[in-house]
file input_38.txt (compact mmCIF, C-alpha atoms)
# COMPACT_ATOMS: atom_id res chain seq x y z
CA MET K 66 1.19 9.19 23.63
CA PHE K 67 0.37 5.77 22.19
CA GLN K 68 -3.33 5.84 23.05
CA GLY K 69 -4.36 4.92 19.47
CA PHE K 70 -1.69 2.24 19.47
CA GLN K 71 -3.17 0.70 22.58
CA GLN K 72 -6.63 0.57 21.01
CA GLY K 73 -5.54 -0.93 17.69
CA ALA K 74 -2.81 -3.17 19.06
CA ALA K 75 -5.08 -4.71 21.68
CA GLN K 76 -7.05 -6.36 18.89
CA LEU K 77 -4.00 -7.42 16.87
CA VAL K 78 -3.07 -10.55 18.79
CA GLN K 79 -2.20 -14.06 17.71
CA GLY K 80 -5.34 -16.06 16.95
CA ALA K 81 -7.55 -12.98 16.41
CA THR K 82 -9.60 -12.69 13.23
CA LEU K 83 -8.97 -10.18 10.46
CA TYR K 84 -11.64 -9.42 7.87
CA ILE K 85 -10.28 -8.85 4.37
CA LEU K 86 -12.41 -7.19 1.70
CA ASN K 87 -10.91 -7.87 -1.72
CA ARG K 88 -12.09 -4.93 -3.82
CA LYS K 89 -10.89 -6.55 -7.05
CA THR K 90 -13.07 -9.65 -6.69
CA PHE K 91 -15.58 -8.08 -4.29
CA THR K 92 -15.28 -10.91 -1.80
CA VAL K 93 -14.69 -11.02 1.95
CA ASN K 94 -12.34 -13.51 3.52
CA THR K 95 -11.41 -14.02 7.11
CA GLY K 96 -7.90 -14.64 8.23
CA SER K 97 -6.36 -15.69 11.50
CA ILE K 98 -3.47 -13.70 12.89
CA VAL K 99 -0.41 -15.92 13.15
CA ALA K 100 2.12 -13.37 14.43
CA VAL K 101 2.44 -9.66 15.26
CA SER K 102 5.78 -7.83 15.35
CA GLN K 103 6.84 -5.03 17.64
CA PRO K 104 5.91 -1.52 16.46
CA HIS K 105 8.34 0.07 14.02
CA ILE K 106 8.39 2.88 11.45
CA SER K 107 6.71 1.96 8.19
CA LYS K 108 9.02 1.06 5.31
CA ALA K 109 7.31 3.78 3.25
CA ALA K 110 8.14 6.42 5.92
CA GLN K 111 11.74 5.44 6.53
CA GLY K 112 14.01 8.31 5.60
CA ASN K 113 11.17 10.83 5.84
CA PRO K 114 11.32 12.47 9.31
CA ALA K 115 7.99 14.24 8.73
CA LEU K 116 6.18 10.90 8.61
CA ALA K 117 8.22 9.05 11.22
CA PHE K 118 5.91 9.51 14.24
CA SER K 119 2.64 9.07 12.33
CA ALA K 120 3.81 5.98 10.48
CA PHE K 121 4.21 3.43 13.27
CA VAL K 122 3.12 -0.01 12.11
CA VAL K 123 3.29 -3.63 13.13
CA ASP K 124 3.94 -6.51 10.75
CA VAL K 125 0.92 -8.79 10.97
CA THR K 126 1.23 -12.29 9.56
CA VAL K 127 -2.21 -13.59 8.73
CA SER K 128 -3.31 -17.00 7.51
CA ILE K 129 -6.04 -16.84 4.86
CA GLY K 130 -7.09 -20.35 3.99
CA THR K 131 -3.90 -22.09 2.85
CA ASP K 132 -2.12 -18.80 2.12
CA THR K 133 -0.06 -16.76 4.57
CA GLN K 134 0.52 -13.04 4.05
CA THR K 135 2.45 -10.45 6.05
CA ILE K 136 1.11 -6.90 5.97
CA GLU K 137 2.10 -3.66 7.66
CA PHE K 138 -0.81 -2.63 9.85
CA PRO K 139 -1.01 0.90 11.35
CA VAL K 140 -0.74 0.77 15.12
CA ASN K 141 -3.24 3.60 15.65
CA SER K 142 -6.06 2.04 13.65
CA THR K 143 -8.34 -0.97 13.56
CA SER K 144 -8.49 -1.00 9.75
CA ALA K 145 -6.19 -0.34 6.80
CA ASN K 146 -6.25 0.04 3.02
CA TYR K 147 -3.87 -1.84 0.75
CA PRO K 148 -4.43 -0.37 -2.73
CA ASP K 149 -1.66 -2.46 -4.31
CA LYS K 150 -3.51 -5.64 -3.30
CA GLY K 151 -7.00 -4.15 -3.62
CA TRP K 152 -7.66 -4.98 0.03
CA TYR K 153 -9.45 -3.29 2.90
CA VAL K 154 -8.52 -5.07 6.14
CA SER K 155 -10.16 -4.65 9.53
CA VAL K 156 -10.25 -6.27 12.93
CA ASP K 157 -14.06 -6.08 12.96
CA ASN K 158 -16.69 -7.04 10.42
CA LEU K 159 -18.75 -3.90 11.09
CA SER K 160 -16.00 -1.76 9.56
CA VAL K 161 -15.90 -4.03 6.50
CA SER K 162 -19.69 -3.87 6.31
CA ARG K 163 -19.54 -0.05 6.23
CA GLU K 164 -16.90 -0.20 3.50
CA VAL K 165 -19.07 -2.56 1.41
CA GLU K 166 -22.08 -0.28 1.95
CA THR K 167 -20.04 2.71 0.76
CA MET K 168 -18.93 0.81 -2.35
CA VAL K 169 -22.51 -0.27 -3.12
CA ASN K 170 -23.79 3.29 -2.72
CA ASN K 171 -21.00 4.65 -4.94
CA SER K 172 -21.77 2.05 -7.59
CA LYS K 173 -25.49 2.87 -7.46
CA GLN K 174 -24.67 6.54 -7.93
CA PHE K 175 -22.37 5.71 -10.84
CA MET K 176 -24.99 3.46 -12.48
CA SER K 177 -27.65 6.16 -12.15
CA GLN K 178 -25.47 8.36 -14.36
CA VAL K 179 -25.03 5.77 -17.13
CA PRO K 180 -28.11 6.82 -19.18
CA TRP K 181 -26.98 10.44 -19.14
CA ASN K 182 -23.46 9.46 -20.22
CA GLN K 183 -24.90 7.34 -23.06
CA MET K 184 -26.93 10.34 -24.22
CA VAL K 185 -23.80 12.54 -24.14
CA ILE K 186 -21.97 10.03 -26.35
CA GLU K 187 -24.87 9.64 -28.78
CA LYS K 188 -25.47 13.37 -29.13
CA GLY K 189 -21.86 14.43 -28.66
CA GLU K 190 -20.40 12.60 -31.65
CA PRO K 191 -22.64 14.39 -34.19
CA LEU K 192 -22.02 17.71 -32.41
CA LEU K 193 -18.27 17.20 -32.69
CA LEU K 194 -18.63 16.59 -36.41
CA GLN K 195 -20.76 19.69 -36.76
CA LEU K 196 -18.44 21.91 -34.72
CA ASN K 197 -15.09 20.60 -35.93
CA PRO K 198 -14.60 20.49 -39.72
CA GLU K 199 -11.48 18.32 -39.40
CA LYS K 200 -13.40 15.64 -37.50
CA LYS K 201 -16.14 15.79 -40.13
CA VAL K 202 -13.62 15.23 -42.93
CA GLU K 203 -12.01 12.37 -40.97
CA ALA K 204 -15.42 10.74 -40.40
CA GLU K 205 -16.34 11.07 -44.08
CA GLN K 206 -12.99 9.55 -45.10
CA ALA K 207 -13.52 6.68 -42.67
CA GLN K 208 -16.97 6.05 -44.15
CA LYS K 209 -15.56 6.06 -47.71
CA ILE K 210 -12.75 3.67 -46.72
CA ALA K 211 -15.24 1.34 -45.05
CA ALA K 212 -17.43 1.40 -48.16
CA LEU K 213 -14.43 0.61 -50.40
CA GLU K 214 -13.36 -2.23 -48.12
CA ASN K 215 -16.88 -3.63 -48.31
CA GLN K 216 -16.85 -3.41 -52.13
CA ILE K 217 -13.47 -5.15 -52.29
CA ALA K 218 -14.75 -7.91 -50.03
CA GLN K 219 -17.79 -8.38 -52.30
CA MET K 220 -15.58 -8.45 -55.40
CA ASN K 221 -13.33 -10.99 -53.72
CA GLY K 222 -16.39 -13.14 -53.05
CA TYR K 223 -17.44 -12.89 -56.71
CA LEU K 224 -13.93 -13.86 -57.86
CA GLN K 225 -13.93 -16.86 -55.56
CA GLN K 226 -17.26 -17.97 -57.05
CA LEU K 227 -15.91 -17.57 -60.59
CA VAL K 228 -12.75 -19.51 -59.78
CA GLY K 229 -14.90 -22.24 -58.28
CA LYS K 230 -16.81 -22.57 -61.55
CA LEU K 231 -13.67 -23.04 -63.67
CA PRO K 232 -12.83 -26.60 -64.71
CA ALA K 233 -10.22 -28.39 -62.64
CA ASN K 234 -7.80 -28.95 -65.59
CA PRO K 235 -8.19 -26.08 -68.00
CA ARG K 236 -6.57 -26.69 -71.39
CA ASN K 237 -4.44 -23.96 -72.76
CA GLU K 238 -4.72 -23.93 -76.51
CA ASN K 239 -1.39 -22.09 -76.89
CA THR K 240 0.67 -24.85 -75.31
CA LYS K 241 1.71 -28.03 -77.11
CA GLU K 242 1.18 -31.39 -75.53
call {"tool": "encode", "arguments": {"input": "input_38.txt", "output": "structure tokens"}}
result
Amino acid sequence: MFQGFQQGAAQLVQGATLYILNRKTFTVNTGSIVAVSQPHISKAAQGNPALAFSAFVVDVTVSIGTDTQTIEFPVNSTSANYPDKGWYVSVDNLSVSREVETMVNNSKQFMSQVPWNQMVIEKGEPLLLQLNPEKKVEAEQAQKIAALENQIAQMNGYLQQLVGKLPANPRNENTKE
């Protein structure tokens, strides 16, 4: 009945090492298990009878450098994902290595598609203007507004130059001194 529990739990003992892949910073840290609770139903599965049997976990307190964290670890597994923290945690470094390899391969695949996506953007914008008259009008208006803003900025520069050339104390002939 708890065959998976026996396998995973045997490695979750005080003093054992956990490998933590931080997907947000793409770093791997090791932590030392400080404490392991008795198996219980996951907090996420409480109140949901359909998940009750499959959601047995243990609370694992792990020391990572000067920090201590407590995580719910599935009893039937030797690794777990923690999307809220961006972590992948495992009792063995081989599992973390496979996860890193998967991420590297996914990133390579993504990067291989970047040139095609750039081409779609470059060619797609003019196509949208050609196919959608409203977008063409909007683009033309945006160009006209940008040109007017540029002209106003130039005129402002000219005015500043003219003001700079005026004498410091101009005399007004209409006023009496």
call {"tool": "residues_near_point", "arguments": {"input": "input_38.txt", "point": "(-12.0, -4.0, -4.5)", "cutoff": "10 Å", "atoms": "all atoms listed in the file", "output": "VMD selection string"}}
result
chain K and resid 86 to 93 147 to 148 150 to 153 165 168
call {"tool": "atom_distance", "arguments": {"input": "input_38.txt", "atom1": "CA of Lys230 (chain K)", "atom2": "CA of Ala212 (chain K)"}}
result
27.5 Å
call {"tool": "residues_near_point", "arguments": {"input": "input_38.txt", "point": "(-20.4, 8.8, -33.2)", "cutoff": "12 Å", "atoms": "all atoms listed in the file", "output": "list of chain:residue names"}}
result
K:Gln183, K:Met184, K:Val185, K:Ile186, K:Glu187, K:Lys188, K:Gly189, K:Glu190, K:Pro191, K:Leu192, K:Leu193, K:Leu194, K:Gln195, K:Lys200, K:Lys201, K:Glu203, K:Ala204, K:Glu205, K:Ala207, K:Gln208
call {"tool": "atom_distance", "arguments": {"input": "input_38.txt", "atom1": "CA of Ala211 (chain K)", "atom2": "CA of Asn197 (chain K)"}}
result
21.3 Å
call {"tool": "closest_residue", "arguments": {"input": "input_38.txt", "among": "K:Leu77, K:Val228, K:Val161, K:Ile136", "to": "Asp124 (chain K)", "atoms": "only C-alpha atoms"}}
result
K:Ile136
call {"tool": "residues_around", "arguments": {"input": "input_38.txt", "residues": "Ile129 (chain K)", "least_positions_apart": "6", "cutoff": "8 Å", "atoms": "all atoms listed in the file", "output": "JSON, numbers by chain"}}
result
{"K": [94, 95, 96, 97]}
call {"tool": "write_last_selection", "arguments": {"input": "input_38.txt", "atoms": "C-alpha atoms", "output": "JSON list (two decimals), keeping the file's coordinate frame"}}
result
[["chain", "number", "residue", "atom", "x", "y", "z"],
["K", 94, "ASN", "CA", -12.34, -13.51, 3.52],
["K", 95, "THR", "CA", -11.41, -14.02, 7.11],
["K", 96, "GLY", "CA", -7.90, -14.64, 8.23],
["K", 97, "SER", "CA", -6.36, -15.69, 11.50]]
call {"tool": "atom_distance", "arguments": {"input": "input_38.txt", "atom1": "CA of His105 (chain K)", "atom2": "CA of Ser160 (chain K)"}}
result
24.8 Å
call {"tool": "closest_residue", "arguments": {"input": "input_38.txt", "among": "K:Val169, K:Ile106, K:Ala145, K:Ile98", "to": "Gly130 (chain K)", "atoms": "only C-alpha atoms"}}
result
K:Ile98
call {"tool": "closest_residue", "arguments": {"input": "input_38.txt", "among": "K:Val122, K:Leu196, K:Val101, K:Leu227", "to": "Val78 (chain K)", "atoms": "only C-alpha atoms"}}
result
K:Val101
call {"tool": "residues_around", "arguments": {"input": "input_38.txt", "residues": "Thr133 (chain K)", "least_positions_apart": "6", "cutoff": "9 Å", "atoms": "all atoms listed in the file", "output": "PDB file with C-alpha atoms, in the coordinates of the input"}}
result
ATOM      1  CA  GLY K  96      -7.900 -14.640   8.230  1.00  0.00           C
ATOM      2  CA  VAL K  99      -0.410 -15.920  13.150  1.00  0.00           C
ATOM      3  CA  THR K 126       1.230 -12.290   9.560  1.00  0.00           C
ATOM      4  CA  VAL K 127      -2.210 -13.590   8.730  1.00  0.00           C
TER       5      VAL K 127
END
call {"tool": "decode", "arguments": {"input": "input_38.txt", "residues": "region 132-152 of chain K", "atoms": "N, CA and C atoms", "output": "short mmCIF file (atom, residue, chain, number, x, y, z; two decimals), in the first residue's frame"}}
result
data_model
loop_
_atom_site.label_atom_id
_atom_site.label_comp_id
_atom_site.auth_asym_id
_atom_site.auth_seq_id
_atom_site.Cartn_x
_atom_site.Cartn_y
_atom_site.Cartn_z
N ASP K 132 19.41 29.97 6.00
CA ASP K 132 17.95 30.00 5.94
C ASP K 132 17.38 28.61 6.24
N THR K 133 16.22 28.58 6.87
CA THR K 133 15.52 27.33 7.12
C THR K 133 14.13 27.43 6.52
N GLN K 134 13.75 26.44 5.73
CA GLN K 134 12.45 26.40 5.08
C GLN K 134 11.76 25.08 5.41
N THR K 135 10.43 25.13 5.50
CA THR K 135 9.65 23.90 5.65
C THR K 135 8.79 23.75 4.41
N ILE K 136 8.89 22.59 3.78
CA ILE K 136 8.13 22.32 2.56
C ILE K 136 7.37 21.02 2.72
N GLU K 137 6.23 20.93 2.03
CA GLU K 137 5.48 19.67 1.97
C GLU K 137 6.09 18.85 0.85
N PHE K 138 6.54 17.65 1.20
CA PHE K 138 7.19 16.78 0.22
C PHE K 138 6.32 15.55 0.03
N PRO K 139 6.00 15.18 -1.23
CA PRO K 139 5.16 14.00 -1.45
C PRO K 139 5.86 12.74 -0.94
N VAL K 140 5.10 11.89 -0.25
CA VAL K 140 5.71 10.69 0.33
C VAL K 140 6.02 9.64 -0.73
N ASN K 141 5.39 9.69 -1.87
CA ASN K 141 5.59 8.66 -2.89
C ASN K 141 6.57 9.10 -3.98
N SER K 142 7.41 10.07 -3.68
CA SER K 142 8.30 10.60 -4.70
C SER K 142 9.65 10.96 -4.09
N THR K 143 10.65 11.05 -4.96
CA THR K 143 11.97 11.49 -4.51
C THR K 143 12.26 12.90 -5.00
N SER K 144 11.27 13.53 -5.66
CA SER K 144 11.43 14.91 -6.12
C SER K 144 10.07 15.59 -6.11
N ALA K 145 10.10 16.93 -6.13
CA ALA K 145 8.85 17.69 -6.10
C ALA K 145 9.05 19.06 -6.72
N ASN K 146 7.98 19.58 -7.31
CA ASN K 146 7.97 20.93 -7.88
C ASN K 146 7.28 21.88 -6.92
N TYR K 147 7.80 23.08 -6.82
CA TYR K 147 7.20 24.14 -6.01
C TYR K 147 7.11 25.39 -6.87
N PRO K 148 6.09 25.46 -7.73
CA PRO K 148 5.98 26.59 -8.68
C PRO K 148 5.92 27.95 -8.00
N ASP K 149 5.30 28.03 -6.82
CA ASP K 149 5.21 29.32 -6.13
C ASP K 149 6.58 29.84 -5.73
N LYS K 150 7.51 28.96 -5.46
CA LYS K 150 8.88 29.36 -5.10
C LYS K 150 9.81 29.32 -6.31
N GLY K 151 9.37 28.64 -7.37
CA GLY K 151 10.24 28.46 -8.54
C GLY K 151 11.27 27.37 -8.30
N TRP K 152 10.95 26.42 -7.43
CA TRP K 152 11.91 25.39 -7.04
C TRP K 152 11.55 24.04 -7.63
#
